[in-house]
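Novice: Here you go, one structure.
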Amino acid sequence: PPSRLNNNNSGVALRLVSLLCVSILVALASVIRQHARLDPSTVRGNNGNGNNGPWSIKEARRAQREIQHLEKELRGLAAEYGALNVELTKLSAEADGGAYGGAAEAVAKKRVAFHPREEKEALKREMKEAMRGRSKQKLAETAGEDASFGSPAVGPAAFAGRHPKDREIKKWWLRRQIFAAQLQSPKGSKKVAEGDKLGNGRDGDTGAIVPIDLSVNHLQLIERAGGSPNQFTADAPAVAEEFLPVVTSSDVTFRWRSRARPHADPRDAAQTSAYRIVAWRAHARFGTGAMLWDSGKIDTPDGLPDAVSPTKDSQLLHAAKPGAIIIWRVTVWDAGNKPSTSEWSKFALGPRSDEWAARWISHPIDLEAWDVTDAGAFWGNNREGHQDVACRNWERRSQLPMFRAKLPSLEVEGDEVQSALLVVSGLGSFRASLDGTPLSSSGPLDPPLTDFAQRAMYRGFDVTPFLVGEGSAQSHVVGVAMGSGWWDHRPIGGSFIRLFYFPHGAVTTIAQLHVTYQSGDSRVLLATGDEEAGWQVAKGPLRESSLFSGEYVDLQSMASFEGWDTAGKWTALADEDAATTIHSWVPPQIYVSDTTLDEWRTTLHMKANAKRPNARRKIVPRHKLAPIGRLTPHEIPPVMPVERLEPDEVYGLGDGRWMYDFGRGISGVVRFEEGLPSPIVPENYPRGHTVSTLPPDESFITVLYGESLELTRGDVNLPVVAGMGLHDGGPKHKSKPAGGAEAKGGPCYPKDHIEAGSLLQRDVYILPRNASGEDDDESKGSFAEARQSHFTTHAFRFVEICCTAQPPSGVTALAYRTAFNEWGRFGSSNVRLNGGYELVANALNSNLLGVQSDCPHREKIQYGGDIVADSPAALHLYDMSAFYRKVVRDWGDQQWDNGAYAGTSHWLALNDYASAGGEGSGETVWASAPVVMTARHNQHYGDAGLVEETFANHERWFEFLVEHFDKGLKKKGYDEELRGYTKEGSGLGDWLTFRGRDTWLTHQSFYMATARCLAYLASKLGKEDTVATALQLANAVKERITRLYLQPNGAFLPPERGGWELSPGPEMSLYSRTVPGNQRCMALRRYFRRKGHTWPGSDEMTFVREMSDATRDEMIASGEITKRGGQWAMGWSQWHGFNEGIFAVRYALKTLSDNGFHHVALAKANGFGCGTFEYMLSHNATTHWESWW
């Protein structure tokens, strides 16, 4: 930005960088040309329609054209850098006295030879403000004084004014890979030592091994999230950290990773010979009682243990009470007996569920607005009108509450506050603050999704800095703002995402403050539910908050609540007669469920057929408020903004509508650092921006999110990202009848979304018109005060903002994700593979928000099959140690009394038809996720604790399969000898393959996998009898598969020839070592005979029919289009692309590489056309699609 071009040195440096980049481009072009000089006669592979043989001349020409296109792209980039060099020279001159000279000169007058820190910071701020004002002036001058809201965006390059459908597709994956800083730390990784990012350890350390990433119970301290928008002013106490691990005393386990010191002797770095852990009370005076544990130097001749727990007689386990805040560090000795010590880390001890003094509280309206029929209103049709009643009740309570309490005096004669821990939870979701300062940037999904009727998580915050020193004599207010989350969302029916099977209740919170004194005494204050604590509640500025359809933010109400969580704005409770509005502060009421967990679970059991229905009882719950389960400390890091993105481009779509392109798909929200401009009213609101439910005297601005563009219109493609899959196909793709989304959604489908035909990802900012005019009374609110939505996330790359005369400035995107470390990455000299990695990484980042979902907009829930398929990649890219523990526990909460696991971690009646065992169980692959994930977790992290905790659940699942699996397959119509098995049976199988799915093989293989995993876990616990039983069954299933699939010619395929083209093919059985050793080479040889085919997808066939003759001829020549009967169709290749589904892709690549065919595996991953990374990238994808087409 121009504000940095305040001297010639900056310009010179940037010009040098430009020249360096051009040099890299030239060198890269030469390398690519060198690699392209191949003799086609020496390269063997597969032609476009899947046949083995020499590379065809057509394919060689295709490759040559691709190289030429890449060189053209590089020349274009070089030209861009040349133009940038000219622009930099111009800006440098302006900074010294041109267009920005006035601002630079004004600030330069204040320069002195030496600036103290404060003066430097003030100078930076002044320069920034001066440049910002100058930039706005230039934008206004370029746009013209009489710019109408219908004109295109103008001004800086970002506001180029082009319509998005007129632009050239950006090769984002290519540019990012060429110019990315390859040595930068992965996103989310932590520094090893203060001021030392290379991991050299502390000053004075000499050891070759440096301890890093300290964790307690798999949780690491997070000082500040990478994309946190929270601002901490100099006159306010600093928030100690954004995530403080909290554990109960029985769960204190220490772990750390080790890194070799750069240039250390490899012999010294080969092994850790000893360690020592010390733990102290945080904030304590170093004296009596401060030290809680010193392990002493522990020799490790056999290597480090997987985890270290305090000794049973330590003060850490006996003297430390709930609320204690503890710092700890570890010293390790290398093989040469030289030490290195980590930085200090921190955690807190929290209360067990039975140690809470607080109770759940709610707003009175939220407790009253329920009927006993609400819980089961959407379990069937609406013949009795229960859905209408449930909708009206929800509309009464849809405005979200805010809770607050004022701290009493903390003074104790002869004692001082040592530390203070605030513990909080809230259902649906919450954001905690103290004295107006947010304590974390989490919120949209805090706590993360669990079966709230069985367990809900709480956070702990170290608020000591607020309450000691000068703060000890001040007044303090705790605030808890609420969202609806998964607990009390808008009741929508008719979707395959059946959220009405989740437990529901009034929005509620629970909190208490643990204060520890220097003497060791402790107190519990501000317990919710205690009348003496003085908690208050009011309905705040959020009129509605939904994870699927966004937020409605009342800016006038927001202005009136300014400072609501500070002592300066504290007011007494309103009398009953005076509480005339929902915004009045009133006493909360205690949340009390009118049912029990046993009653709720019994109803679910019967609905899922996991328990025989009771004829005397209807299979519909009848209660108002669901039970709330046990409280546990956060098991995983919270969902926080891990990254902040600037827009790549901004487009004017006309009529005051602006579209921001953030370059890649993420899960998150947009943030307006400078607020929003005042709205305008177009003659007709564009599709997706109509808000029909507001009074005429209220103005609004809509923020519409989308992942891709409608290519015929150039605006956001709404059906693709429709919440819960509710849409009518859109204006150009009427695959569904108009009005279908509303009809399926039921009476509570948002009326504002009907015209768009989709359940929108949208936020709406609202302000009365008389408050958004020239009135300067800030208490009435302003669009300039809008910042972001807090209790929802959207999946998007593109954002439309409507309707304003000028595009909002200072717009960024906050990318949310569970804030674990991202410690793995991939890079190579192959652009397509790099692009494939980016697709996968972006998709995973978008789907790891408290649960591992398969899509972050339409469904948002976790499926077992997707986790089985994706977890190998996730385990290498991220620290999933805490996350996958939670996943396994989620399925443990779901598990039925008969031992069956469902296909999702909360049963939603999804795909139960595909189950082999019935009785409430999920499809075999999907329902096997918990036992498979426990084995993988142990292999990666050596966590014996999770094995011990969950083994009994997995054993019950194994026993269920033994009893029901074979009988269930017979009921599904599978013949014991597979006679007539030529098409897909009953099951999900290798989901989203180009071929038919061999569901019998996937059922059997994961029955075998369950037995193998159970045997592996039993061996870790020394249960030899279980090992023998499980392996006996696994071998029996293996022999069954082999007997039916091993053909006389060596092929490993179904017995009926008609089933030979199903997926998975032999690769699954080769991967799982099901094929006998003496038959593996023959099976692999026959595997190479598989061929590609064509894909008759409706969109692809339409594309082929309507393309130009020249394009069709080019794609025929390259093999991307081949004949399907009498029609040309998109072709997919067996050996130069992927045809496999979500499981067999891994089996195919691993089998090929394990047997030495690395070049064939590379050819599949490096292919072009339908079913490849290149296909997605050429369609401007930035995240991996759910399917290959």
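Ligands are numbered from 1 in the order shown, residues from 1 within each chain, and chains are lettered A, B, ... in the order they appear in the structure tokens.
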At a cut-off of 9 Å, using only C-alpha atoms, what residues contact region 894-909 of chain A? Leave out same-chain residues fewer than 6 positions from it and give the result as a PyMOL selection string.
Specialist: chain A and resi 450-451+496-502+601+604-605+607-608+610-611+861-865+887-888+915+917-930+953-961
Novice: Hey, what's within 10 Å of Thr331 (chain A) if we count only C-alpha atoms and toss same-chain stuff fewer than 6 positions away? As a PyMOL selection string, please?
Specialist: chain A and resi 205+207+209-211+274-278+296-297+339-343
Novice: Just the residues within 6 Å of Thr528 (chain A), please, counting only C-alpha atoms, with nothing from its chain fewer than 4 positions along; format it as a ChimeraX atom specification.
Specialist: /A:358-359,510-511
Novice: Counting only C-alpha atoms, what is within 6 Å of region 805-816 of chain A, bar same-chain residues fewer than 6 positions away, as an MDAnalysis selection string?
Specialist: chainID A and resid 149 640:646 656 666:674 676
Novice: Using all heavy atoms, can you write the selected residues to a file as a short mmCIF file (atom, residue, chain, number, x, y, z; two decimals), in the first residue's frame?
Specialist:
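Contents of the output file selection_13.cif:
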data_model
loop_
_atom_site.label_atom_id
_atom_site.label_comp_id
_atom_site.auth_asym_id
_atom_site.auth_seq_id
_atom_site.Cartn_x
_atom_site.Cartn_y
_atom_site.Cartn_z
N PHE A 149 -25.63 4.53 -7.99
CA PHE A 149 -25.46 3.19 -7.44
C PHE A 149 -25.46 2.13 -8.53
O PHE A 149 -25.10 1.00 -8.29
CB PHE A 149 -26.56 2.89 -6.41
CG PHE A 149 -27.95 2.99 -6.93
CD1 PHE A 149 -28.48 2.00 -7.72
CD2 PHE A 149 -28.74 4.10 -6.62
CE1 PHE A 149 -29.78 2.08 -8.18
CE2 PHE A 149 -30.03 4.19 -7.08
CZ PHE A 149 -30.57 3.18 -7.86
N MET A 640 -12.05 -20.92 15.99
CA MET A 640 -11.62 -19.52 16.02
C MET A 640 -11.16 -19.10 14.62
O MET A 640 -10.90 -19.95 13.76
CB MET A 640 -10.49 -19.34 17.03
CG MET A 640 -10.89 -19.59 18.46
SD MET A 640 -9.75 -18.86 19.68
CE MET A 640 -8.32 -19.89 19.46
N PRO A 641 -11.06 -17.79 14.38
CA PRO A 641 -10.54 -17.34 13.08
C PRO A 641 -9.04 -17.60 13.00
O PRO A 641 -8.25 -16.94 13.66
CB PRO A 641 -10.86 -15.84 13.07
CG PRO A 641 -10.97 -15.46 14.51
CD PRO A 641 -11.48 -16.67 15.24
N VAL A 642 -8.64 -18.57 12.21
CA VAL A 642 -7.23 -18.94 12.11
C VAL A 642 -6.50 -18.14 11.06
O VAL A 642 -5.28 -18.17 10.98
CB VAL A 642 -7.08 -20.44 11.82
CG1 VAL A 642 -7.62 -21.27 12.97
CG2 VAL A 642 -7.79 -20.83 10.52
N GLU A 643 -7.25 -17.40 10.24
CA GLU A 643 -6.62 -16.63 9.16
C GLU A 643 -7.54 -15.50 8.74
O GLU A 643 -8.76 -15.61 8.86
CB GLU A 643 -6.34 -17.56 7.97
CG GLU A 643 -5.50 -16.96 6.88
CD GLU A 643 -5.21 -17.93 5.75
OE1 GLU A 643 -5.72 -19.07 5.81
OE2 GLU A 643 -4.50 -17.55 4.81
N ARG A 644 -6.94 -14.41 8.27
CA ARG A 644 -7.72 -13.30 7.75
C ARG A 644 -7.31 -13.07 6.29
O ARG A 644 -6.13 -13.01 5.98
CB ARG A 644 -7.46 -12.03 8.56
CG ARG A 644 -8.37 -10.88 8.17
CD ARG A 644 -8.04 -9.61 8.92
NE ARG A 644 -8.25 -9.75 10.36
CZ ARG A 644 -8.58 -8.74 11.15
NH1 ARG A 644 -8.75 -7.53 10.64
NH2 ARG A 644 -8.73 -8.91 12.43
N LEU A 645 -8.29 -12.96 5.40
CA LEU A 645 -8.03 -12.84 3.98
C LEU A 645 -8.47 -11.47 3.48
O LEU A 645 -9.53 -10.97 3.85
CB LEU A 645 -8.78 -13.90 3.18
CG LEU A 645 -8.23 -15.33 3.14
CD1 LEU A 645 -8.34 -16.00 4.49
CD2 LEU A 645 -8.97 -16.15 2.10
N GLU A 646 -7.65 -10.88 2.63
CA GLU A 646 -8.01 -9.67 1.91
C GLU A 646 -8.67 -10.08 0.59
O GLU A 646 -8.34 -11.10 0.01
CB GLU A 646 -6.77 -8.82 1.62
CG GLU A 646 -5.99 -8.39 2.84
CD GLU A 646 -6.68 -7.28 3.62
OE1 GLU A 646 -7.56 -6.63 3.02
OE2 GLU A 646 -6.34 -7.09 4.79
N GLY A 656 -26.15 -0.99 -7.11
CA GLY A 656 -25.61 -0.91 -5.76
C GLY A 656 -25.15 -2.23 -5.18
O GLY A 656 -24.96 -2.34 -3.97
N ILE A 666 -13.55 -20.79 1.90
CA ILE A 666 -13.29 -20.91 3.33
C ILE A 666 -14.62 -21.08 4.05
O ILE A 666 -15.69 -20.91 3.47
CB ILE A 666 -12.55 -19.68 3.90
CG1 ILE A 666 -13.43 -18.43 3.76
CG2 ILE A 666 -11.20 -19.49 3.25
CD1 ILE A 666 -12.89 -17.21 4.49
N SER A 667 -14.54 -21.40 5.33
CA SER A 667 -15.69 -21.29 6.23
C SER A 667 -15.44 -20.10 7.14
O SER A 667 -14.39 -20.02 7.76
CB SER A 667 -15.86 -22.55 7.07
OG SER A 667 -16.42 -23.59 6.33
N GLY A 668 -16.39 -19.21 7.23
CA GLY A 668 -16.19 -18.05 8.09
C GLY A 668 -17.22 -16.98 7.83
O GLY A 668 -18.36 -17.26 7.45
N VAL A 669 -16.81 -15.74 8.02
CA VAL A 669 -17.67 -14.58 7.80
C VAL A 669 -16.81 -13.45 7.26
O VAL A 669 -15.59 -13.50 7.33
CB VAL A 669 -18.37 -14.11 9.11
CG1 VAL A 669 -19.29 -15.20 9.64
CG2 VAL A 669 -17.34 -13.72 10.16
N VAL A 670 -17.46 -12.41 6.73
CA VAL A 670 -16.73 -11.21 6.36
C VAL A 670 -16.79 -10.23 7.53
O VAL A 670 -17.75 -10.22 8.31
CB VAL A 670 -17.27 -10.54 5.08
CG1 VAL A 670 -16.99 -11.41 3.88
CG2 VAL A 670 -18.74 -10.24 5.19
N ARG A 671 -15.76 -9.42 7.62
CA ARG A 671 -15.68 -8.41 8.67
C ARG A 671 -15.47 -7.05 8.03
O ARG A 671 -14.68 -6.91 7.09
CB ARG A 671 -14.54 -8.73 9.64
CG ARG A 671 -14.41 -7.71 10.77
CD ARG A 671 -13.40 -8.14 11.81
NE ARG A 671 -13.16 -7.11 12.80
CZ ARG A 671 -13.90 -6.89 13.88
NH1 ARG A 671 -14.95 -7.67 14.11
NH2 ARG A 671 -13.64 -5.92 14.72
N PHE A 672 -16.19 -6.06 8.56
CA PHE A 672 -16.12 -4.71 8.03
C PHE A 672 -15.37 -3.84 9.04
O PHE A 672 -15.96 -3.31 9.99
CB PHE A 672 -17.53 -4.16 7.79
CG PHE A 672 -18.38 -5.06 6.94
CD1 PHE A 672 -19.38 -5.85 7.51
CD2 PHE A 672 -18.18 -5.15 5.58
CE1 PHE A 672 -20.15 -6.69 6.75
CE2 PHE A 672 -18.95 -5.98 4.80
CZ PHE A 672 -19.95 -6.76 5.38
N GLU A 673 -14.08 -3.71 8.84
CA GLU A 673 -13.26 -2.95 9.78
C GLU A 673 -13.64 -1.48 9.82
O GLU A 673 -13.46 -0.81 10.84
CB GLU A 673 -11.77 -3.09 9.42
CG GLU A 673 -11.21 -4.48 9.61
CD GLU A 673 -11.17 -4.92 11.06
OE1 GLU A 673 -11.43 -4.09 11.95
OE2 GLU A 673 -10.89 -6.10 11.32
N GLU A 674 -14.17 -0.97 8.72
CA GLU A 674 -14.57 0.43 8.66
C GLU A 674 -16.09 0.58 8.57
O GLU A 674 -16.59 1.64 8.20
CB GLU A 674 -13.89 1.10 7.47
CG GLU A 674 -12.37 1.06 7.55
CD GLU A 674 -11.70 1.60 6.31
OE1 GLU A 674 -12.34 2.41 5.60
OE2 GLU A 674 -10.54 1.23 6.04
N LEU A 676 -20.09 -0.23 7.36
CA LEU A 676 -20.77 -0.23 6.07
C LEU A 676 -21.22 1.18 5.72
O LEU A 676 -21.57 1.95 6.61
CB LEU A 676 -22.00 -1.14 6.13
CG LEU A 676 -21.74 -2.65 6.19
CD1 LEU A 676 -23.01 -3.39 6.58
CD2 LEU A 676 -21.22 -3.16 4.85
#
Novice: Which polymer residues have any atom within 9 Å of an atom of region 239-246 of chain A, counting only C-alpha atoms, with same-chain residues fewer than 3 positions away left out, as a VMD selection string?
Specialist: chain A and resid 215 to 217 219 to 225 232 236 325 346 to 350 437 to 442 458 to 466 633 to 638
Novice: Which residue, A:Val480, A:Val716, A:Ala390, A:Ala873, has the smallest gap to Arg431 (chain A) when you use only C-alpha atoms?
Specialist: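 When distances to Arg431 (chain A) are compared using only C-alpha atoms, the smallest one comes from A:Val480.
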Novice: List every residue of region 724-915 of chain A that DSSP, applied to the backbone of this structure, assigns to alpha helix (DSSP H), and report them as a VMD selection string.
Specialist: chain A and resid 740 to 745 831 to 847 864 to 877 881 to 894
Novice: Interatomic distance between CA of Pro447 (chain A) and CA of Gly426 (chain A)?
Specialist: 7.1 Å
